[in-house]
file structure-v3.txt (compact mmCIF, C-alpha atoms and all ligand atoms)
# COMPACT_ATOMS: atom_id res chain seq x y z
CA MET A 102 0.00 0.00 0.00
CA ILE A 103 1.26 3.49 -0.79
CA ASN A 104 0.93 6.57 1.41
CA PHE A 105 -2.26 8.57 1.10
CA GLU A 106 -3.92 11.58 2.68
CA TYR A 107 -6.97 11.11 4.87
CA VAL A 108 -9.64 13.78 5.33
CA LYS A 109 -13.07 13.73 6.96
CA ALA A 110 -15.98 15.34 5.13
CA ASN A 111 -18.59 17.22 7.16
CA SER A 112 -21.13 17.66 4.34
CA ALA A 113 -22.00 16.01 1.04
CA GLN A 114 -21.07 19.24 -0.73
CA SER A 115 -17.61 19.42 0.85
CA ALA A 116 -17.06 15.73 0.08
CA SER A 117 -17.86 16.29 -3.60
CA GLU A 118 -15.69 19.40 -3.74
CA ALA A 119 -12.76 17.55 -2.20
CA ARG A 120 -13.23 14.70 -4.67
CA ILE A 121 -13.20 17.05 -7.66
CA LYS A 122 -10.24 19.06 -6.37
CA ASN A 123 -8.05 15.98 -6.30
CA GLY A 124 -8.88 13.63 -9.17
CA ALA A 125 -6.91 10.83 -7.51
CA SER A 126 -9.11 10.83 -4.40
CA GLN A 127 -11.88 8.43 -3.42
CA PHE A 128 -14.73 8.36 -0.93
CA ILE A 129 -14.51 5.78 1.84
CA ALA A 130 -17.25 4.53 4.17
CA GLY A 131 -17.09 0.89 5.34
CA GLY A 132 -14.05 0.24 3.14
CA THR A 133 -14.79 -3.47 2.81
CA ASN A 134 -13.89 -3.48 -0.88
CA LEU A 135 -11.77 -0.33 -1.26
CA VAL A 136 -9.21 -1.30 1.40
CA ASP A 137 -8.71 -4.67 -0.30
CA LEU A 138 -8.21 -2.92 -3.64
CA MET A 139 -5.64 -0.61 -2.04
CA LYS A 140 -3.78 -3.42 -0.27
CA LYS A 141 -3.44 -5.33 -3.52
CA GLY A 142 -2.28 -2.27 -5.47
CA ILE A 143 -5.28 -2.28 -7.81
CA THR A 144 -6.18 1.25 -6.86
CA ALA A 145 -3.93 3.85 -5.24
CA PRO A 146 -5.86 7.00 -4.25
CA GLU A 147 -3.75 9.94 -3.15
CA ARG A 148 -6.50 11.01 -0.77
CA LEU A 149 -9.32 9.19 1.03
CA ILE A 150 -12.38 11.26 1.85
CA ASP A 151 -14.10 9.69 4.85
CA ILE A 152 -17.87 10.25 4.55
CA ASN A 153 -18.90 8.39 7.72
CA ALA A 154 -19.83 11.60 9.58
CA LEU A 155 -22.48 12.58 7.02
CA PRO A 156 -26.15 12.28 8.09
CA LEU A 157 -26.98 9.45 5.69
CA LYS A 158 -28.03 6.70 8.11
CA GLU A 159 -31.80 6.99 8.07
CA ILE A 160 -34.36 4.42 6.91
CA SER A 161 -37.79 5.93 6.32
CA LEU A 162 -41.09 4.79 4.85
CA THR A 163 -43.61 7.09 3.19
CA PRO A 164 -46.70 6.29 1.08
CA LYS A 165 -44.43 6.65 -1.95
CA GLY A 166 -41.95 4.03 -0.80
CA LEU A 167 -38.83 3.30 1.20
CA SER A 168 -35.69 5.41 1.48
CA ILE A 169 -32.43 3.99 2.82
CA GLY A 170 -29.51 6.30 3.55
CA ALA A 171 -26.25 5.46 1.80
CA LEU A 172 -24.40 4.95 5.11
CA VAL A 173 -26.85 2.44 6.56
CA PRO A 174 -24.88 -0.78 7.21
CA ASN A 175 -26.09 -3.78 5.23
CA SER A 176 -26.89 -5.68 8.45
CA VAL A 177 -28.99 -2.80 9.81
CA ALA A 178 -30.99 -2.58 6.58
CA ALA A 179 -31.49 -6.36 6.52
CA ASP A 180 -32.74 -6.43 10.13
CA HIS A 181 -34.95 -3.35 9.90
CA GLU A 182 -38.57 -4.24 10.64
CA THR A 183 -39.95 -2.20 7.72
CA VAL A 184 -37.49 -3.72 5.27
CA LYS A 185 -38.28 -7.25 6.50
CA THR A 186 -42.05 -6.83 6.33
CA LYS A 187 -42.56 -4.50 3.35
CA TYR A 188 -39.51 -5.33 1.24
CA PRO A 189 -38.62 -8.94 2.16
CA LEU A 190 -36.87 -9.49 -1.18
CA LEU A 191 -34.32 -6.84 -0.23
CA ALA A 192 -33.84 -8.28 3.26
CA MET A 193 -33.26 -11.76 1.80
CA ALA A 194 -30.74 -10.47 -0.74
CA LEU A 195 -28.86 -8.47 1.90
CA ASN A 196 -28.61 -11.49 4.18
CA ALA A 197 -27.29 -13.60 1.31
CA GLY A 198 -24.31 -11.28 0.84
CA ALA A 199 -20.81 -11.77 2.22
CA SER A 200 -20.50 -12.69 5.93
CA ALA A 201 -22.07 -11.29 9.11
CA GLN A 202 -18.91 -9.33 9.91
CA LEU A 203 -18.77 -7.77 6.45
CA ARG A 204 -22.47 -6.93 6.50
CA ASN A 205 -21.86 -5.02 9.74
CA MET A 206 -19.18 -2.86 8.09
CA ALA A 207 -20.43 -2.58 4.51
CA THR A 208 -22.80 0.27 3.70
CA VAL A 209 -25.69 0.38 1.24
CA GLY A 210 -23.87 2.99 -0.88
CA GLY A 211 -20.65 0.99 -0.83
CA ASN A 212 -22.47 -2.19 -1.77
CA ILE A 213 -23.70 -0.49 -4.93
CA MET A 214 -20.17 0.74 -5.71
CA GLN A 215 -18.30 -2.51 -5.10
CA ARG A 216 -16.16 -3.77 -7.96
CA THR A 217 -16.08 -7.11 -9.68
CA ARG A 218 -14.45 -10.11 -8.02
CA CYS A 219 -12.92 -11.38 -11.28
CA SER A 220 -9.70 -13.02 -10.04
CA TYR A 221 -7.64 -11.50 -12.87
CA PHE A 222 -8.76 -8.01 -11.83
CA TYR A 223 -7.16 -8.69 -8.43
CA ASP A 224 -3.98 -10.24 -9.89
CA THR A 225 -1.73 -7.35 -10.90
CA THR A 226 0.59 -9.70 -12.82
CA MET A 227 -2.17 -10.42 -15.37
CA PRO A 228 -3.58 -8.26 -18.17
CA CYS A 229 -6.97 -6.77 -17.33
CA ASN A 230 -8.82 -4.08 -19.29
CA LYS A 231 -10.80 -3.05 -16.23
CA ARG A 232 -7.67 -2.43 -14.14
CA ASN A 233 -5.40 -1.24 -16.98
CA PRO A 234 -7.43 -0.32 -20.08
CA GLY A 235 -5.93 -1.61 -23.32
CA THR A 236 -3.93 -4.46 -21.79
CA GLY A 237 -6.42 -7.20 -22.70
CA CYS A 238 -8.82 -9.49 -20.86
CA SER A 239 -7.23 -12.54 -19.27
CA ALA A 240 -10.59 -14.14 -18.60
CA VAL A 241 -11.80 -14.49 -22.19
CA GLU A 242 -9.25 -17.23 -22.90
CA GLY A 243 -8.53 -17.99 -19.25
CA TYR A 244 -10.44 -19.56 -16.37
CA ASN A 245 -13.89 -18.04 -16.73
CA ARG A 246 -16.11 -20.23 -14.57
CA MET A 247 -17.54 -17.24 -12.64
CA HIS A 248 -17.99 -14.95 -15.63
CA ALA A 249 -20.83 -13.37 -17.59
CA ILE A 250 -23.23 -15.00 -20.00
CA PHE A 251 -25.15 -11.82 -20.86
CA GLY A 252 -24.11 -8.33 -21.97
CA ALA A 253 -20.34 -9.00 -22.02
CA SER A 254 -17.88 -7.69 -24.60
CA GLU A 255 -14.55 -9.04 -25.78
CA GLN A 256 -13.02 -6.28 -23.61
CA CYS A 257 -14.45 -7.66 -20.36
CA ILE A 258 -16.64 -10.59 -19.29
CA ALA A 259 -16.75 -9.83 -15.56
CA VAL A 260 -19.93 -9.95 -13.45
CA HIS A 261 -21.23 -7.56 -10.82
CA PRO A 262 -20.81 -9.19 -7.41
CA SER A 263 -23.65 -7.68 -5.35
CA ASP A 264 -26.73 -9.55 -4.10
CA MET A 265 -28.45 -6.43 -2.76
CA CYS A 266 -28.27 -4.78 -6.19
CA VAL A 267 -30.14 -7.67 -7.83
CA ALA A 268 -33.10 -7.08 -5.51
CA LEU A 269 -32.88 -3.30 -6.00
CA ALA A 270 -32.92 -3.78 -9.79
CA ALA A 271 -36.01 -5.99 -9.59
CA LEU A 272 -37.77 -3.49 -7.29
CA ASN A 273 -37.19 -0.50 -9.61
CA ALA A 274 -35.03 1.36 -7.10
CA THR A 275 -33.61 4.80 -7.73
CA VAL A 276 -30.15 5.93 -6.64
CA GLN A 277 -30.03 9.46 -5.24
CA VAL A 278 -26.74 11.25 -5.77
CA SER A 279 -25.32 14.60 -4.81
CA GLY A 280 -22.58 16.55 -6.57
CA THR A 281 -21.21 20.07 -6.77
CA LYS A 282 -23.89 20.95 -9.34
CA GLY A 283 -26.79 19.68 -7.23
CA THR A 284 -28.65 16.42 -6.78
CA ARG A 285 -30.15 13.93 -9.21
CA LYS A 286 -31.92 10.58 -9.20
CA ILE A 287 -30.67 7.71 -11.32
CA PRO A 288 -32.98 4.77 -12.11
CA PHE A 289 -31.27 1.58 -10.96
CA ALA A 290 -31.31 0.10 -14.47
CA ASP A 291 -29.19 3.05 -15.67
CA PHE A 292 -26.77 3.18 -12.76
CA HIS A 293 -24.38 0.33 -13.62
CA ARG A 294 -22.87 -0.07 -17.08
CA LEU A 295 -22.21 -2.95 -19.42
CA PRO A 296 -18.50 -3.22 -20.27
CA ALA A 297 -18.61 -2.49 -24.06
CA ASP A 298 -15.23 -0.90 -24.84
CA THR A 299 -14.91 0.98 -21.53
CA PRO A 300 -14.84 -1.80 -18.93
CA GLN A 301 -12.91 0.44 -16.52
CA LEU A 302 -16.19 2.30 -15.90
CA ASP A 303 -18.59 0.40 -13.65
CA THR A 304 -21.24 3.09 -13.24
CA ASN A 305 -22.65 6.25 -14.82
CA LEU A 306 -21.73 8.42 -11.84
CA GLN A 307 -19.96 11.66 -12.71
CA VAL A 308 -16.70 12.54 -10.93
CA GLY A 309 -17.51 14.03 -7.53
CA GLU A 310 -21.02 12.58 -7.31
CA LEU A 311 -21.76 10.86 -4.03
CA ILE A 312 -24.56 8.36 -3.40
CA THR A 313 -26.75 9.73 -0.61
CA ALA A 314 -29.68 7.28 -0.56
CA VAL A 315 -31.58 4.55 -2.37
CA SER A 316 -35.32 4.83 -2.87
CA ILE A 317 -37.62 1.91 -3.61
CA PRO A 318 -41.15 2.71 -4.76
CA ALA A 319 -44.24 1.36 -3.03
CA HIS A 320 -45.36 -1.87 -4.68
CA SER A 321 -48.14 -4.43 -4.69
CA PHE A 322 -46.02 -7.58 -4.58
CA ASN A 323 -47.25 -10.07 -1.98
CA LYS A 324 -44.69 -12.83 -2.66
CA ALA A 325 -40.91 -12.69 -2.88
CA TYR A 326 -37.87 -14.94 -2.93
CA TYR A 327 -34.14 -14.43 -3.40
CA LEU A 328 -32.25 -17.53 -4.47
CA LYS A 329 -28.46 -17.53 -4.46
CA VAL A 330 -26.49 -20.47 -5.80
CA ARG A 331 -22.86 -20.46 -4.65
CA ASP A 332 -19.94 -22.75 -3.96
CA ARG A 333 -20.45 -22.69 -0.18
CA LEU A 334 -23.26 -21.56 2.09
CA SER A 335 -21.65 -18.36 3.35
CA TYR A 336 -19.07 -15.80 2.27
CA ALA A 337 -19.13 -16.71 -1.42
CA PHE A 338 -20.23 -14.78 -4.47
CA ALA A 339 -23.13 -15.98 -6.58
CA LEU A 340 -22.61 -18.40 -9.42
CA VAL A 341 -26.12 -17.31 -10.33
CA SER A 342 -28.84 -15.65 -8.27
CA VAL A 343 -32.48 -14.84 -8.91
CA ALA A 344 -34.64 -12.15 -7.28
CA VAL A 345 -38.37 -12.65 -7.71
CA ALA A 346 -41.27 -10.48 -6.53
CA LEU A 347 -44.81 -11.43 -7.52
CA ASP A 348 -48.30 -10.13 -7.05
CA VAL A 349 -50.39 -13.31 -6.87
CA LYS A 350 -54.13 -13.65 -6.41
CA ASP A 351 -56.14 -16.88 -6.63
CA GLY A 352 -53.21 -18.68 -8.21
CA MET A 353 -52.83 -16.05 -10.95
CA ILE A 354 -49.73 -13.86 -11.38
CA ARG A 355 -50.96 -10.28 -11.65
CA SER A 356 -47.50 -8.72 -11.93
CA ALA A 357 -43.88 -9.82 -11.65
CA ALA A 358 -40.42 -8.33 -11.12
CA ILE A 359 -37.46 -10.62 -11.78
CA ALA A 360 -33.70 -10.03 -11.97
CA MET A 361 -30.60 -12.22 -12.02
CA GLY A 362 -27.15 -11.84 -10.49
CA GLY A 363 -23.87 -13.54 -11.38
CA VAL A 364 -24.65 -13.43 -15.09
CA ALA A 365 -23.70 -9.93 -16.27
CA HIS A 366 -21.62 -6.81 -15.58
CA LYS A 367 -24.74 -5.34 -13.95
CA PRO A 368 -27.84 -6.80 -12.30
CA TRP A 369 -29.74 -8.44 -15.16
CA ARG A 370 -33.43 -7.63 -15.27
CA LEU A 371 -35.65 -10.19 -17.00
CA TYR A 372 -38.31 -7.94 -18.54
CA GLU A 373 -39.42 -10.49 -21.16
CA VAL A 374 -39.92 -13.15 -18.52
CA GLU A 375 -41.92 -10.75 -16.35
CA GLU A 376 -44.21 -10.01 -19.29
CA PHE A 377 -44.52 -13.71 -20.13
CA VAL A 378 -45.67 -14.81 -16.68
CA THR A 379 -47.97 -11.85 -16.01
CA GLY A 380 -51.67 -12.71 -16.30
CA LYS A 381 -51.03 -16.45 -16.28
CA PRO A 382 -51.86 -19.09 -13.67
CA ILE A 383 -48.98 -20.51 -11.65
CA SER A 384 -47.75 -23.87 -12.99
CA LYS A 385 -44.58 -25.87 -13.35
CA GLU A 386 -44.89 -25.65 -17.13
CA LEU A 387 -45.15 -21.85 -16.99
CA PHE A 388 -41.99 -21.56 -14.90
CA THR A 389 -40.10 -24.02 -17.14
CA GLU A 390 -40.96 -21.99 -20.21
CA ALA A 391 -40.09 -18.76 -18.39
CA ALA A 392 -36.66 -20.18 -17.56
CA SER A 393 -36.03 -21.00 -21.23
CA ILE A 394 -36.99 -17.47 -22.25
CA ALA A 395 -34.64 -16.08 -19.61
CA MET A 396 -31.65 -17.91 -21.06
CA THR A 397 -32.32 -16.91 -24.67
CA GLY A 398 -29.29 -15.13 -26.09
CA ALA A 399 -26.87 -16.31 -23.42
CA LYS A 400 -23.26 -16.52 -24.59
CA THR A 401 -20.94 -18.83 -22.71
CA TYR A 402 -17.17 -19.26 -22.53
CA THR A 403 -15.03 -22.35 -21.94
CA HIS A 404 -15.75 -22.84 -18.23
CA ASN A 405 -19.14 -21.24 -17.60
CA GLN A 406 -21.40 -23.26 -19.89
CA TYR A 407 -22.98 -24.76 -16.78
CA LYS A 408 -24.58 -21.38 -16.03
CA ILE A 409 -27.29 -21.93 -18.65
CA LYS A 410 -28.57 -25.13 -17.04
CA LEU A 411 -28.00 -23.75 -13.55
CA GLY A 412 -29.67 -20.45 -14.45
CA LYS A 413 -32.77 -22.23 -15.74
CA ALA A 414 -33.01 -24.41 -12.65
CA ALA A 415 -32.51 -21.37 -10.39
CA ILE A 416 -35.29 -19.43 -12.11
CA ILE A 417 -37.72 -22.34 -11.82
CA GLU A 418 -36.81 -22.80 -8.14
CA ALA A 419 -37.05 -19.09 -7.30
CA LEU A 420 -40.43 -18.72 -9.05
CA THR A 421 -41.72 -21.86 -7.35
CA LYS A 422 -40.53 -20.77 -3.89
CA ALA A 423 -41.82 -17.21 -4.36
CA SER A 424 -45.26 -18.32 -5.47
CA SER A 425 -45.79 -21.08 -2.89
FE1 LIG B 501 -10.35 -7.74 -16.30
FE2 LIG B 501 -12.92 -7.85 -16.95
FE3 LIG B 501 -11.24 -9.45 -18.16
FE4 LIG B 501 -11.75 -9.83 -15.57
S1 LIG B 501 -13.18 -10.07 -17.23
S2 LIG B 501 -9.74 -9.89 -16.60
S3 LIG B 501 -12.10 -7.74 -14.88
S4 LIG B 501 -11.22 -7.20 -18.25

call {"tool": "encode", "arguments": {"input": "structure-v3.txt", "output": "structure tokens"}}
result
Amino acid sequence: MINFEYVKANSAQSASEARIKNGASQFIAGGTNLVDLMKKGITAPERLIDINALPLKEISLTPKGLSIGALVPNSVAADHETVKTKYPLLAMALNAGASAQLRNMATVGGNIMQRTRCSYFYDTTMPCNKRNPGTGCSAVEGYNRMHAIFGASEQCIAVHPSDMCVALAALNATVQVSGTKGTRKIPFADFHRLPADTPQLDTNLQVGELITAVSIPAHSFNKAYYLKVRDRLSYAFALVSVAVALDVKDGMIRSAAIAMGGVAHKPWRLYEVEEFVTGKPISKELFTEAASIAMTGAKTYTHNQYKIKLGKAAIIEALTKASS
């Protein structure tokens, strides 16, 4: 690790100003990903701007929906009574992430900003377009068991590692950000990027913009399930995951929100599948067909072909569990 400056921000405005003033600075809150990146020499900020003193730790419910401050720890959000009862999909996804210790440190804003866990990204002896643009992607011809089957490019086939973000994508969340020019709201679907030819960019945030909160609209879903398939039961990233929220009445699906994790550079919303199941009665055949639609267009690499079969099975299981 190299030397760096450390400053504490006392307002969102001063944090953004400090970030813009020194282009090689970064915000830090829980630090559960950033400190690892610094220790391994993947990122080397000259200045860390500690945002932990900012008043961004509130969870509030209004008739319009739920708002969660960016500095709320993942464990606090997961255990919050309102989140558990009104947004159980989010609580399930949060509890599926990382380990209890990490969930205590990691913040909601940091969870959204975490970077891929592609092993080549963390190995500074290997080419990686995300770490060093233009050097190549070691995963395309390398060991790509964990990598993307949707939305990848030849520049990068990494996946987004968050569980929480898969639920937020399904629930049509909005990310509230603050910068030196004011505030804005970014729909969750537009927040993270696909790699295309700029895999070094994970999000559409502008320099200096700070996440202040996440809003989730009120909804009518009465069933939810988050399924995460991983190599071990705790402290492992998803091979594939599925977030399902349904509005079911008398065995009929009145509306659906479905997203997958572990399959793309961003949470992967399944709009076509949602449309397909809406207005239809629950059945095994319906879910099997939905799973096939979900995997249409998947592109696999040498070691991740299993994700198509696993993805289908996970979708069927998640829909079945959600609707039961
Ligand atoms: Fe780097 Fe992306 Fe390739 Fe992984 S998949 S080596 S993060 S460019």

call {"tool": "closest_atom_pairs", "arguments": {"input": "structure-v3.txt", "of": "chain A", "to": "ligand LIG 501 (chain B)", "cutoff": "7 Å", "atoms": "all atoms listed in the file", "output": "tab-separated table"}}
result
residue	atom	partner	partner_atom	distance
A:Thr217	CA	B:LIG501	S3	6.6
A:Cys219	CA	B:LIG501	FE4	4.7
A:Ser220	CA	B:LIG501	FE4	6.7
A:Tyr221	CA	B:LIG501	S2	4.6
A:Phe222	CA	B:LIG501	S3	4.5
A:Pro228	CA	B:LIG501	S2	6.6
A:Cys229	CA	B:LIG501	FE1	3.7
A:Asn230	CA	B:LIG501	S4	4.1
A:Lys231	CA	B:LIG501	S4	4.6
A:Arg232	CA	B:LIG501	FE1	6.3
A:Gly237	CA	B:LIG501	S4	6.5
A:Cys238	CA	B:LIG501	FE3	3.6
A:Ser239	CA	B:LIG501	S2	4.5
A:Ala240	CA	B:LIG501	FE3	4.8
A:Val241	CA	B:LIG501	FE3	6.5
A:Gln256	CA	B:LIG501	S4	5.7
A:Cys257	CA	B:LIG501	FE2	3.7
A:Ile258	CA	B:LIG501	S1	4.1
A:Ala259	CA	B:LIG501	S1	3.9
A:Pro300	CA	B:LIG501	S4	6.5

call {"tool": "closest_residue", "arguments": {"input": "structure-v3.txt", "among": "A:Ala415, A:Ile409, A:Met206, A:Ile317", "to": "Val184 in chain A", "atoms": "only C-alpha atoms"}}
result
A:Ile317

call {"tool": "residues_around", "arguments": {"input": "structure-v3.txt", "residues": "Thr225 in chain A", "least_positions_apart": "5", "cutoff": "8 Å", "atoms": "all atoms listed in the file", "output": "VMD selection string"}}
result
chain A and resid 141 to 143

call {"tool": "closest_residue", "arguments": {"input": "structure-v3.txt", "among": "A:Ala365, A:Leu190, A:Val343, A:Ala357", "to": "Ile417 in chain A", "atoms": "all atoms listed in the file"}}
result
A:Val343

call {"tool": "residues_near_point", "arguments": {"input": "structure-v3.txt", "point": "(-23.9, -22.0, -17.8)", "cutoff": "10 Å", "atoms": "only C-alpha atoms", "output": "PyMOL selection string"}}
result
chain A and resi 246-250+340-341+364+396+399-413

call {"tool": "decode", "arguments": {"input": "structure-v3.txt", "residues": "range 390-406 of chain A", "atoms": "N, CA, C and O atoms", "output": "mmCIF file, in the first residue's frame"}}
result
data_model
loop_
_atom_site.group_PDB
_atom_site.id
_atom_site.type_symbol
_atom_site.label_atom_id
_atom_site.label_comp_id
_atom_site.auth_asym_id
_atom_site.auth_seq_id
_atom_site.Cartn_x
_atom_site.Cartn_y
_atom_site.Cartn_z
ATOM 1 N N GLU A 390 -41.040 -22.787 -18.988
ATOM 2 C CA GLU A 390 -40.963 -21.991 -20.212
ATOM 3 C C GLU A 390 -40.333 -20.632 -19.926
ATOM 4 O O GLU A 390 -39.545 -20.110 -20.717
ATOM 5 N N ALA A 391 -40.674 -20.057 -18.780
ATOM 6 C CA ALA A 391 -40.094 -18.762 -18.386
ATOM 7 C C ALA A 391 -38.572 -18.874 -18.276
ATOM 8 O O ALA A 391 -37.834 -17.971 -18.710
ATOM 9 N N ALA A 392 -38.107 -19.980 -17.723
ATOM 10 C CA ALA A 392 -36.657 -20.178 -17.558
ATOM 11 C C ALA A 392 -35.963 -20.266 -18.907
ATOM 12 O O ALA A 392 -34.854 -19.755 -19.095
ATOM 13 N N SER A 393 -36.617 -20.913 -19.880
ATOM 14 C CA SER A 393 -36.031 -21.005 -21.228
ATOM 15 C C SER A 393 -35.951 -19.626 -21.867
ATOM 16 O O SER A 393 -34.946 -19.279 -22.500
ATOM 17 N N ILE A 394 -37.007 -18.837 -21.696
ATOM 18 C CA ILE A 394 -36.995 -17.474 -22.254
ATOM 19 C C ILE A 394 -35.856 -16.667 -21.622
ATOM 20 O O ILE A 394 -35.140 -15.929 -22.299
ATOM 21 N N ALA A 395 -35.675 -16.848 -20.320
ATOM 22 C CA ALA A 395 -34.642 -16.084 -19.605
ATOM 23 C C ALA A 395 -33.251 -16.344 -20.165
ATOM 24 O O ALA A 395 -32.399 -15.450 -20.180
ATOM 25 N N MET A 396 -33.000 -17.554 -20.612
ATOM 26 C CA MET A 396 -31.650 -17.908 -21.057
ATOM 27 C C MET A 396 -31.436 -17.677 -22.556
ATOM 28 O O MET A 396 -30.356 -17.929 -23.078
ATOM 29 N N THR A 397 -32.467 -17.197 -23.243
ATOM 30 C CA THR A 397 -32.321 -16.914 -24.674
ATOM 31 C C THR A 397 -31.254 -15.841 -24.868
ATOM 32 O O THR A 397 -31.254 -14.816 -24.193
ATOM 33 N N GLY A 398 -30.341 -16.117 -25.790
ATOM 34 C CA GLY A 398 -29.294 -15.126 -26.092
ATOM 35 C C GLY A 398 -28.078 -15.214 -25.203
ATOM 36 O O GLY A 398 -27.151 -14.406 -25.363
ATOM 37 N N ALA A 399 -28.049 -16.176 -24.289
ATOM 38 C CA ALA A 399 -26.871 -16.312 -23.420
ATOM 39 C C ALA A 399 -25.654 -16.723 -24.252
ATOM 40 O O ALA A 399 -25.766 -17.526 -25.180
ATOM 41 N N LYS A 400 -24.503 -16.152 -23.912
ATOM 42 C CA LYS A 400 -23.258 -16.525 -24.593
ATOM 43 C C LYS A 400 -22.279 -17.033 -23.545
ATOM 44 O O LYS A 400 -21.973 -16.313 -22.587
ATOM 45 N N THR A 401 -21.828 -18.257 -23.728
ATOM 46 C CA THR A 401 -20.944 -18.832 -22.715
ATOM 47 C C THR A 401 -19.493 -18.870 -23.195
ATOM 48 O O THR A 401 -19.214 -18.721 -24.386
ATOM 49 N N TYR A 402 -18.592 -19.113 -22.243
ATOM 50 C CA TYR A 402 -17.167 -19.259 -22.527
ATOM 51 C C TYR A 402 -16.752 -20.668 -22.084
ATOM 52 O O TYR A 402 -17.598 -21.470 -21.667
ATOM 53 N N THR A 403 -15.484 -20.959 -22.119
ATOM 54 C CA THR A 403 -15.032 -22.349 -21.936
ATOM 55 C C THR A 403 -15.527 -22.984 -20.630
ATOM 56 O O THR A 403 -15.944 -24.130 -20.622
ATOM 57 N N HIS A 404 -15.485 -22.214 -19.533
ATOM 58 C CA HIS A 404 -15.750 -22.844 -18.232
ATOM 59 C C HIS A 404 -17.078 -22.458 -17.589
ATOM 60 O O HIS A 404 -17.346 -22.847 -16.450
ATOM 61 N N ASN A 405 -17.880 -21.647 -18.264
ATOM 62 C CA ASN A 405 -19.136 -21.236 -17.600
ATOM 63 C C ASN A 405 -20.393 -21.706 -18.329
ATOM 64 O O ASN A 405 -21.471 -21.141 -18.136
ATOM 65 N N GLN A 406 -20.234 -22.746 -19.153
ATOM 66 C CA GLN A 406 -21.402 -23.258 -19.891
ATOM 67 C C GLN A 406 -22.476 -23.790 -18.946
ATOM 68 O O GLN A 406 -23.658 -23.789 -19.263
#
